Every structure is written in C-alpha cells, then in structure tokens.
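Notes for the one structure printed next.
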Amino acid sequence: MKITFAKPGLPATGVVVVSAGAGGKLSASAVKLDKKSGGALSRAIRASNFEGNRAQSLSVMAPAGSKLDEVMIVGLGKPDDITELEMQRLGGLIYAGAKQAKKGSVAVAVDAVTDAKMTAADIAAEIAFGLRNIEIRGGETVLIQGAGGLGLYAIAMAREMGAAQIIVVDALPPRLELAKQFGADHLLDVRKTSPGERLEQVLGWTNSLGADVAIEVAGVPAAVAEGVSLLRNGGRYLCVGNINKGQETSFDPSHVVRGQLTVKGIH
C-alpha cells in the first residue's frame with residue numbers, strides 16, 4: 001500500500017483523505033471536494049454521527065461528480081487538540097483504515113488550521129511520522145500495549161512485515177475488539193487479568209520465551225515496567241505513548257541488563 005501527501009489540486013482518482021474540525025467544519029481541500037461532488041460530503045456528515053472530533057472518521061464511497069473510489073474524512077477536533085501525538089495517532093488511524101479496506105493507494109490532503117499551534121507542514125510531518133514503518137522481522141512475536149490509533153497502526157504494520165503473532169493489551173473491550181479486527185491474534189484485558197496472569201499468558205503463547213518486540217502506545221507509565229518484563233532475552237522495547245513530563249514509574253532494571261534488552265523512545 002502506498003500513502004502520499006496530496007499536492008495542490010488533489011488527485012482525480014483513488015482514495016483521498018481530507019479533514020474536518022470540531023462541529024464537522026470541512027477543511028479547504030474538503031470544501032473543494034464537497035463542491036465537486038455536489039455536496040456529497042456535507043450530506044454524509046449530516047446523515048451520520050460524525051462531528052469532526054479527534055479520532056473520528058467517516059468514509060464517503062465513490063462520491064458523485066468525481067472519479068474517486070472513496071473520500072475519507074478524519075476529525076481533527078478543536079485547534080488545541082492538534083498536537084504532535086494526536087497527529088501521529090491520526091497517521092496510525094489513516095494507515096490502519098486504509099489497510100483494513102485493502103486500499104492500494106491513498107493521498108492525504110493536509111491543510112492549515114486556523115488558531116492551531118501547528119502549521120500545515122508540522123501536521124504533515126507528524127502524520128508522516130505516525131506512518132513510519134516499525135522495524136519488525138518476519139516470524140517474530142509482537143506485543144502492543146494500547147489499542148488506540150497508533151496501536152492499530154502498529155498491528156497493521158506488524159502483520160504486513162511478517163509478525164508470526166500479535167498480542168494486544170488494553171483496558172477497553174471495544175478497542176480490543178477493534179484490535180482483533182485489525183489482525184491481533186491474542187487479546188489481554190488489563191481489567192480482567194493481573195500482571196502475573198498476563199505474563200503467564202504471554203509465556204504460554206511464546207514457548208516460555210516472551211515477546212520479541214513490545215511497543216508501548218498506551219501513554220500509561222506503569223505499562224513500561226510490565227512491557228519490559230514480557231520480553232524475551234535480547235528483545236526490543238519501543239516507548240511511544242509516554243510523552244508527558246512529571247509522570248513517574250518504577251521497574252526492575254535487571255530485566256534490561258540481564259535480558260540484554262534494547263529500549264528505545266520514539267517522539
């Protein structure tokens with residue numbers, strides 16, 4: 001699958017991703033497409049529960065007046081919601097949605113947002129960052145902590161890169177169900193299992209070795225300690241979600257030393 005950032009004029013065919021702010025207010029690119037389609041985007045928004053909130057999305061299939069296969073409208077929320085992490089998550093949602101729908105080529109239209117703290121170029125850069133490939137080797141077991149936008153992206157990328165099995169940990173049943181739809185092999189609900197039970201499950205799924213890679217996209221400090229403990233010797237840990245300063249957690253550093261682990265932060 002190929003994802004590009006649309007230049008002025010927008011592509012005439014394929015799939016295009018445009019944005020909308022709080023209240024369903026369409027971006028400049030979306031307004032152009034709406035006019036070309038005789039108001040198809042506006043009608044779809046009025047007929048749905050889409051309000052332009054962050055992490056919301058709405059698909060308009062083969063809009064009239066165009067040769068596009070689909071227009072995906074993604075919500076940006078209020079200007080204050082447009083942060084680096086949210087744009088990375090948006091990149092994950094775009095990738096995961098396109099992957100699930102088996103789209104071969106997707107163009108993302110990025111527009112400036114009035115009163116936002118980030119410029120259009122910043123937004124594009126962060127979405128692109130969210131779309132970066134996660135280095136996973138074929139045949140590996142990947143454990144993902146968090147099933148939000150970045151988590152879904154990680155699932156899709158892990159599957160595409162040949163992961164043998166994917167384990168997802170989250171606290172919300174609807175997100176776990178969505179993770180399953182995106183290709184997760186095993187689900188762990190943190191509300192229904194203890195850390196010890198989760199360790200036992202992971203060891204059972206990995207011949208008592210542990211996961212090869214663990215990816216933290218939950219934004220929960222305590223997840224780091226647990227994620228490290230679920231890795232095999234020589235495993236790799238990617239910490240993505242914990243970006244807020246001042247939040248502390250504790251863990252046994254011997255897991256890193258004795259396990260010869262690689263721990264990496266991505267921001």
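Residue numbering restarts at 1 in every chain; chains get A, B, ... in the order shown in the structure tokens, and ligands count up from 1 in that same order.
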Please identify all polymer residues within 10 Å of Leu26 of chain A, counting only C-alpha atoms, omitting same-chain residues fewer than 4 positions from it, and present them as a PDB file with N, CA, C and O atoms, in the first residue's frame.
ATOM      1  N   VAL A  18      -9.253  13.719   3.653  1.00  0.00           N
ATOM      2  CA  VAL A  18      -9.358  15.140   3.980  1.00  0.00           C
ATOM      3  C   VAL A  18      -9.766  15.255   5.444  1.00  0.00           C
ATOM      4  O   VAL A  18     -10.101  14.265   6.090  1.00  0.00           O
ATOM      5  N   SER A  19      -9.756  16.464   5.967  1.00  0.00           N
ATOM      6  CA  SER A  19     -10.028  16.637   7.393  1.00  0.00           C
ATOM      7  C   SER A  19     -11.209  17.559   7.647  1.00  0.00           C
ATOM      8  O   SER A  19     -11.673  18.286   6.767  1.00  0.00           O
ATOM      9  N   ALA A  20     -11.678  17.489   8.887  1.00  0.00           N
ATOM     10  CA  ALA A  20     -12.744  18.373   9.359  1.00  0.00           C
ATOM     11  C   ALA A  20     -12.469  18.692  10.816  1.00  0.00           C
ATOM     12  O   ALA A  20     -11.948  17.857  11.559  1.00  0.00           O
ATOM     13  N   GLY A  21     -12.816  19.898  11.226  1.00  0.00           N
ATOM     14  CA  GLY A  21     -12.614  20.296  12.610  1.00  0.00           C
ATOM     15  C   GLY A  21     -13.857  20.070  13.442  1.00  0.00           C
ATOM     16  O   GLY A  21     -14.837  19.464  12.992  1.00  0.00           O
ATOM     17  N   ALA A  22     -13.818  20.551  14.680  1.00  0.00           N
ATOM     18  CA  ALA A  22     -14.952  20.402  15.588  1.00  0.00           C
ATOM     19  C   ALA A  22     -16.214  20.974  14.958  1.00  0.00           C
ATOM     20  O   ALA A  22     -16.185  22.012  14.300  1.00  0.00           O
ATOM     21  N   ALA A  30     -11.344  19.743   1.671  1.00  0.00           N
ATOM     22  CA  ALA A  30     -12.618  19.032   1.765  1.00  0.00           C
ATOM     23  C   ALA A  30     -13.747  19.851   1.151  1.00  0.00           C
ATOM     24  O   ALA A  30     -14.655  19.300   0.511  1.00  0.00           O
ATOM     25  N   VAL A  31     -13.703  21.169   1.339  1.00  0.00           N
ATOM     26  CA  VAL A  31     -14.725  22.050   0.756  1.00  0.00           C
ATOM     27  C   VAL A  31     -14.698  21.949  -0.769  1.00  0.00           C
ATOM     28  O   VAL A  31     -15.744  21.882  -1.428  1.00  0.00           O
ATOM     29  N   LYS A  32     -13.496  21.923  -1.349  1.00  0.00           N
ATOM     30  CA  LYS A  32     -13.369  21.797  -2.803  1.00  0.00           C
ATOM     31  C   LYS A  32     -13.982  20.485  -3.291  1.00  0.00           C
ATOM     32  O   LYS A  32     -14.720  20.458  -4.281  1.00  0.00           O
ATOM     33  N   LEU A  33     -13.663  19.398  -2.587  1.00  0.00           N
ATOM     34  CA  LEU A  33     -14.218  18.105  -2.983  1.00  0.00           C
ATOM     35  C   LEU A  33     -15.729  18.076  -2.801  1.00  0.00           C
ATOM     36  O   LEU A  33     -16.452  17.470  -3.600  1.00  0.00           O
ATOM     37  N   ASP A  34     -16.200  18.731  -1.754  1.00  0.00           N
ATOM     38  CA  ASP A  34     -17.637  18.767  -1.491  1.00  0.00           C
ATOM     39  C   ASP A  34     -18.370  19.475  -2.626  1.00  0.00           C
ATOM     40  O   ASP A  34     -19.430  19.033  -3.087  1.00  0.00           O
ATOM     41  N   LEU A  41     -20.160  15.238   0.552  1.00  0.00           N
ATOM     42  CA  LEU A  41     -19.502  15.146   1.853  1.00  0.00           C
ATOM     43  C   LEU A  41     -20.379  15.754   2.945  1.00  0.00           C
ATOM     44  O   LEU A  41     -20.531  15.174   4.030  1.00  0.00           O
ATOM     45  N   SER A  42     -20.966  16.905   2.653  1.00  0.00           N
ATOM     46  CA  SER A  42     -21.837  17.562   3.639  1.00  0.00           C
ATOM     47  C   SER A  42     -23.043  16.697   3.963  1.00  0.00           C
ATOM     48  O   SER A  42     -23.452  16.580   5.127  1.00  0.00           O
ATOM     49  N   ILE A  45     -22.048  13.823   6.248  1.00  0.00           N
ATOM     50  CA  ILE A  45     -21.837  14.269   7.628  1.00  0.00           C
ATOM     51  C   ILE A  45     -23.172  14.469   8.336  1.00  0.00           C
ATOM     52  O   ILE A  45     -23.361  14.046   9.479  1.00  0.00           O
ATOM     53  N   GLY A  52     -16.509  15.721  13.657  1.00  0.00           N
ATOM     54  CA  GLY A  52     -15.177  16.285  13.490  1.00  0.00           C
ATOM     55  C   GLY A  52     -14.296  16.187  14.711  1.00  0.00           C
ATOM     56  O   GLY A  52     -13.248  16.841  14.783  1.00  0.00           O
ATOM     57  N   ILE A  73     -12.960  11.190   5.532  1.00  0.00           N
ATOM     58  CA  ILE A  73     -12.913  12.431   6.300  1.00  0.00           C
ATOM     59  C   ILE A  73     -12.465  12.084   7.719  1.00  0.00           C
ATOM     60  O   ILE A  73     -13.087  11.249   8.380  1.00  0.00           O
ATOM     61  N   VAL A  74     -11.386  12.690   8.177  1.00  0.00           N
ATOM     62  CA  VAL A  74     -10.887  12.418   9.526  1.00  0.00           C
ATOM     63  C   VAL A  74     -11.063  13.658  10.389  1.00  0.00           C
ATOM     64  O   VAL A  74     -10.887  14.787   9.934  1.00  0.00           O
ATOM     65  N   GLY A  75     -11.435  13.444  11.638  1.00  0.00           N
ATOM     66  CA  GLY A  75     -11.660  14.554  12.557  1.00  0.00           C
ATOM     67  C   GLY A  75     -10.383  15.024  13.220  1.00  0.00           C
ATOM     68  O   GLY A  75      -9.577  14.211  13.675  1.00  0.00           O
TER      69      GLY A  75
END
Practice problem: Determine which residues of segment 54-266 of chain A DSSP labels as helix (DSSP H, G or I) from the backbone of this structure, then write them out as a PyMOL selection string. | Solution: chain A and resi 79-81+84-100+120-130+149-160+173-181+195-205+221-229+254-258
Practice problem: To one decimal in Å, tell me the separation between atom CA of Glu248 of chain A and atom CA of Val168 of chain A. | Solution: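 Here the two named atoms are 23.3 Å from each other.
Across the structure, atom CA of Ala218 of chain A and atom CA of Gly241 of chain A are spaced 5.4 Å apart.
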Exercise. Apply DSSP to the backbone of this structure and, from segment 79-261 of chain A, keep only the residues in strand (DSSP E or B); write these as a ChimeraX atom specification.
Key: /A:105-108,141-145,165-170,186-189,211-216,231-239
Practice problem: Name the closest residue to Thr83 of chain A among the candidates A:Gly14, A:Glu70, A:Gln260, A:Ile243; distances are taken between atoms, counting only C-alpha atoms. | Solution: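 Among the listed residues, the smallest separation from Thr83 of chain A belongs to A:Ile243.
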Identify, on the basis of only C-alpha atoms, every residue whose closest approach to Ala184 of chain A does not exceed 9 Å; exclude the query and any residue fewer than 6 positions from it along the same chain; express the result as a PDB file with N, CA and C atoms, in the first residue's frame.
ATOM      1  N   ILE A 155      -0.415  -2.712  14.727  1.00  0.00           N
ATOM      2  CA  ILE A 155      -0.928  -4.044  14.383  1.00  0.00           C
ATOM      3  C   ILE A 155      -0.827  -4.270  12.883  1.00  0.00           C
ATOM      4  N   ALA A 156      -1.321  -3.294  12.114  1.00  0.00           N
ATOM      5  CA  ALA A 156      -1.315  -3.431  10.657  1.00  0.00           C
ATOM      6  C   ALA A 156       0.102  -3.558  10.113  1.00  0.00           C
ATOM      7  N   ARG A 159       1.706  -6.982  11.034  1.00  0.00           N
ATOM      8  CA  ARG A 159       1.195  -8.060  10.187  1.00  0.00           C
ATOM      9  C   ARG A 159       1.808  -7.978   8.798  1.00  0.00           C
ATOM     10  N   GLN A 165       2.875 -13.683  15.334  1.00  0.00           N
ATOM     11  CA  GLN A 165       1.691 -13.484  16.159  1.00  0.00           C
ATOM     12  C   GLN A 165       1.757 -12.113  16.824  1.00  0.00           C
ATOM     13  N   ILE A 166       0.580 -11.553  17.056  1.00  0.00           N
ATOM     14  CA  ILE A 166       0.465 -10.210  17.620  1.00  0.00           C
ATOM     15  C   ILE A 166      -0.415 -10.275  18.862  1.00  0.00           C
ATOM     16  N   ILE A 167       0.119  -9.760  19.961  1.00  0.00           N
ATOM     17  CA  ILE A 167      -0.594  -9.733  21.235  1.00  0.00           C
ATOM     18  C   ILE A 167      -0.901  -8.275  21.568  1.00  0.00           C
ATOM     19  N   VAL A 168      -2.149  -7.975  21.893  1.00  0.00           N
ATOM     20  CA  VAL A 168      -2.540  -6.597  22.202  1.00  0.00           C
ATOM     21  C   VAL A 168      -3.096  -6.514  23.617  1.00  0.00           C
ATOM     22  N   LEU A 176     -10.248  -3.452  22.152  1.00  0.00           N
ATOM     23  CA  LEU A 176      -9.687  -4.788  21.968  1.00  0.00           C
ATOM     24  C   LEU A 176     -10.383  -5.506  20.815  1.00  0.00           C
ATOM     25  N   LEU A 178     -11.725  -4.060  18.237  1.00  0.00           N
ATOM     26  CA  LEU A 178     -11.230  -3.430  17.015  1.00  0.00           C
ATOM     27  C   LEU A 178      -9.829  -3.942  16.686  1.00  0.00           C
TER      28      LEU A 178
END
Quiz item: In Å, with one decimal, what is the gap from atom CA of Leu143 of chain A to atom CA of Gln247 of chain A?
Solution: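 If I compute the distance from atom CA of Leu143 of chain A to atom CA of Gln247 of chain A, I get 22.9 Å.
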Quiz prompt | Exercise: Arg198 of chain A partners within 10 Å, only C-alpha atoms, chain neighbours under 4 positions left out, as an MDAnalysis selection string | solution = chainID A and resid 169 187:190 192:194 202:204 226 230
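The shortest atom-to-atom distance to Asp185 of chain A, with only C-alpha atoms taken into account, belongs to A:Val142 out of A:Val142, A:Ala171, A:Gly227, A:Lys36.
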Quiz item: Got a sec: who's within 9 Å of Val213 of chain A, counting only C-alpha atoms, leaving out chain neighbours fewer than 6 positions off, as an MDAnalysis selection string?
Solution: chainID A and resid 136 140:144 231:232 235:238
Those same residues - N, CA and C atoms - I'd like them written as a PDB file, in the first residue's frame.
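The resulting file, result_12.pdb, is shown below:
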ATOM      1  N   ILE A 136      10.174  -4.590  12.316  1.00  0.00           N
ATOM      2  CA  ILE A 136       9.796  -5.902  12.843  1.00  0.00           C
ATOM      3  C   ILE A 136      10.255  -6.957  11.847  1.00  0.00           C
ATOM      4  N   GLU A 140       8.459 -12.945  14.059  1.00  0.00           N
ATOM      5  CA  GLU A 140       8.559 -12.509  15.448  1.00  0.00           C
ATOM      6  C   GLU A 140       7.183 -12.379  16.106  1.00  0.00           C
ATOM      7  N   THR A 141       7.207 -12.423  17.437  1.00  0.00           N
ATOM      8  CA  THR A 141       6.010 -12.157  18.234  1.00  0.00           C
ATOM      9  C   THR A 141       6.066 -10.707  18.694  1.00  0.00           C
ATOM     10  N   VAL A 142       5.003  -9.976  18.418  1.00  0.00           N
ATOM     11  CA  VAL A 142       4.948  -8.555  18.749  1.00  0.00           C
ATOM     12  C   VAL A 142       3.844  -8.317  19.772  1.00  0.00           C
ATOM     13  N   LEU A 143       4.186  -7.649  20.857  1.00  0.00           N
ATOM     14  CA  LEU A 143       3.218  -7.293  21.886  1.00  0.00           C
ATOM     15  C   LEU A 143       2.992  -5.788  21.837  1.00  0.00           C
ATOM     16  N   ILE A 144       1.737  -5.379  21.756  1.00  0.00           N
ATOM     17  CA  ILE A 144       1.399  -3.963  21.636  1.00  0.00           C
ATOM     18  C   ILE A 144       0.565  -3.539  22.834  1.00  0.00           C
ATOM     19  N   LEU A 231       9.293  -9.308  27.652  1.00  0.00           N
ATOM     20  CA  LEU A 231      10.185  -9.563  26.523  1.00  0.00           C
ATOM     21  C   LEU A 231      11.084 -10.774  26.755  1.00  0.00           C
ATOM     22  N   ARG A 232      11.480 -11.401  25.685  1.00  0.00           N
ATOM     23  CA  ARG A 232      12.462 -12.481  25.744  1.00  0.00           C
ATOM     24  C   ARG A 232      13.853 -11.878  25.886  1.00  0.00           C
ATOM     25  N   GLY A 235      15.252  -9.012  23.539  1.00  0.00           N
ATOM     26  CA  GLY A 235      14.076  -8.365  22.962  1.00  0.00           C
ATOM     27  C   GLY A 235      14.232  -6.860  22.820  1.00  0.00           C
ATOM     28  N   ARG A 236      13.266  -6.238  22.131  1.00  0.00           N
ATOM     29  CA  ARG A 236      13.322  -4.807  21.840  1.00  0.00           C
ATOM     30  C   ARG A 236      12.044  -4.129  22.323  1.00  0.00           C
ATOM     31  N   TYR A 237      12.225  -3.003  23.004  1.00  0.00           N
ATOM     32  CA  TYR A 237      11.084  -2.273  23.556  1.00  0.00           C
ATOM     33  C   TYR A 237      11.040  -0.870  22.969  1.00  0.00           C
ATOM     34  N   LEU A 238       9.903  -0.505  22.385  1.00  0.00           N
ATOM     35  CA  LEU A 238       9.711   0.823  21.814  1.00  0.00           C
ATOM     36  C   LEU A 238       8.691   1.576  22.653  1.00  0.00           C
TER      37      LEU A 238
END
Quiz prompt | Counting only C-alpha atoms, the option among A:Ala179, A:Ala98, A:Val110, A:Leu93 closest to Ala147 of chain A | solution =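 Among the listed residues, A:Ala179 lies closest to Ala147 of chain A.
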Quiz prompt | Top pick for closest residue to Ser57 of chain A, considering A:Gly39, A:Pro79, A:Gly24, A:Gly138 and counting only C-alpha atoms | solution =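 Nearest candidate to Ser57 of chain A out of A:Gly39, A:Pro79, A:Gly24, A:Gly138: A:Gly24.
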Quiz prompt | Nearest to Gly65 of chain A, chosen from A:Ser29, A:Thr13, A:Ser254, A:Ser229, with only C-alpha atoms counted in the distances | solution =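 Of A:Ser29, A:Thr13, A:Ser254, A:Ser229, the one nearest Gly65 of chain A is A:Thr13, counting only C-alpha atoms.
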Exercise. Compile the contact shell of Ala12 of chain A as a list of chain:residue names: residues with an atom at most 8 Å away, counting only C-alpha atoms, same-chain residues fewer than 6 positions apart removed.
Key: A:Ser66, A:Lys67, A:Leu68
Take the residues from that selection and write them out as a short mmCIF file (atom, residue, chain, number, x, y, z; two decimals), in the first residue's frame, keeping all heavy atoms.
data_model
loop_
_atom_site.label_atom_id
_atom_site.label_comp_id
_atom_site.auth_asym_id
_atom_site.auth_seq_id
_atom_site.Cartn_x
_atom_site.Cartn_y
_atom_site.Cartn_z
N SER A 66 -17.26 12.82 -9.23
CA SER A 66 -15.81 12.60 -9.23
C SER A 66 -15.53 11.16 -9.63
O SER A 66 -16.43 10.33 -9.69
CB SER A 66 -15.22 12.87 -7.83
OG SER A 66 -15.50 11.79 -6.96
N LYS A 67 -14.26 10.87 -9.90
CA LYS A 67 -13.84 9.52 -10.24
C LYS A 67 -13.13 8.85 -9.06
O LYS A 67 -12.52 7.79 -9.21
CB LYS A 67 -12.91 9.55 -11.45
CG LYS A 67 -13.58 10.06 -12.73
CD LYS A 67 -12.63 10.04 -13.90
CE LYS A 67 -13.30 10.55 -15.17
NZ LYS A 67 -12.36 10.54 -16.32
N LEU A 68 -13.25 9.46 -7.90
CA LEU A 68 -12.61 8.90 -6.71
C LEU A 68 -13.33 7.64 -6.25
O LEU A 68 -14.55 7.54 -6.33
CB LEU A 68 -12.62 9.94 -5.58
CG LEU A 68 -11.77 11.19 -5.79
CD1 LEU A 68 -12.07 12.21 -4.71
CD2 LEU A 68 -10.29 10.83 -5.79
#
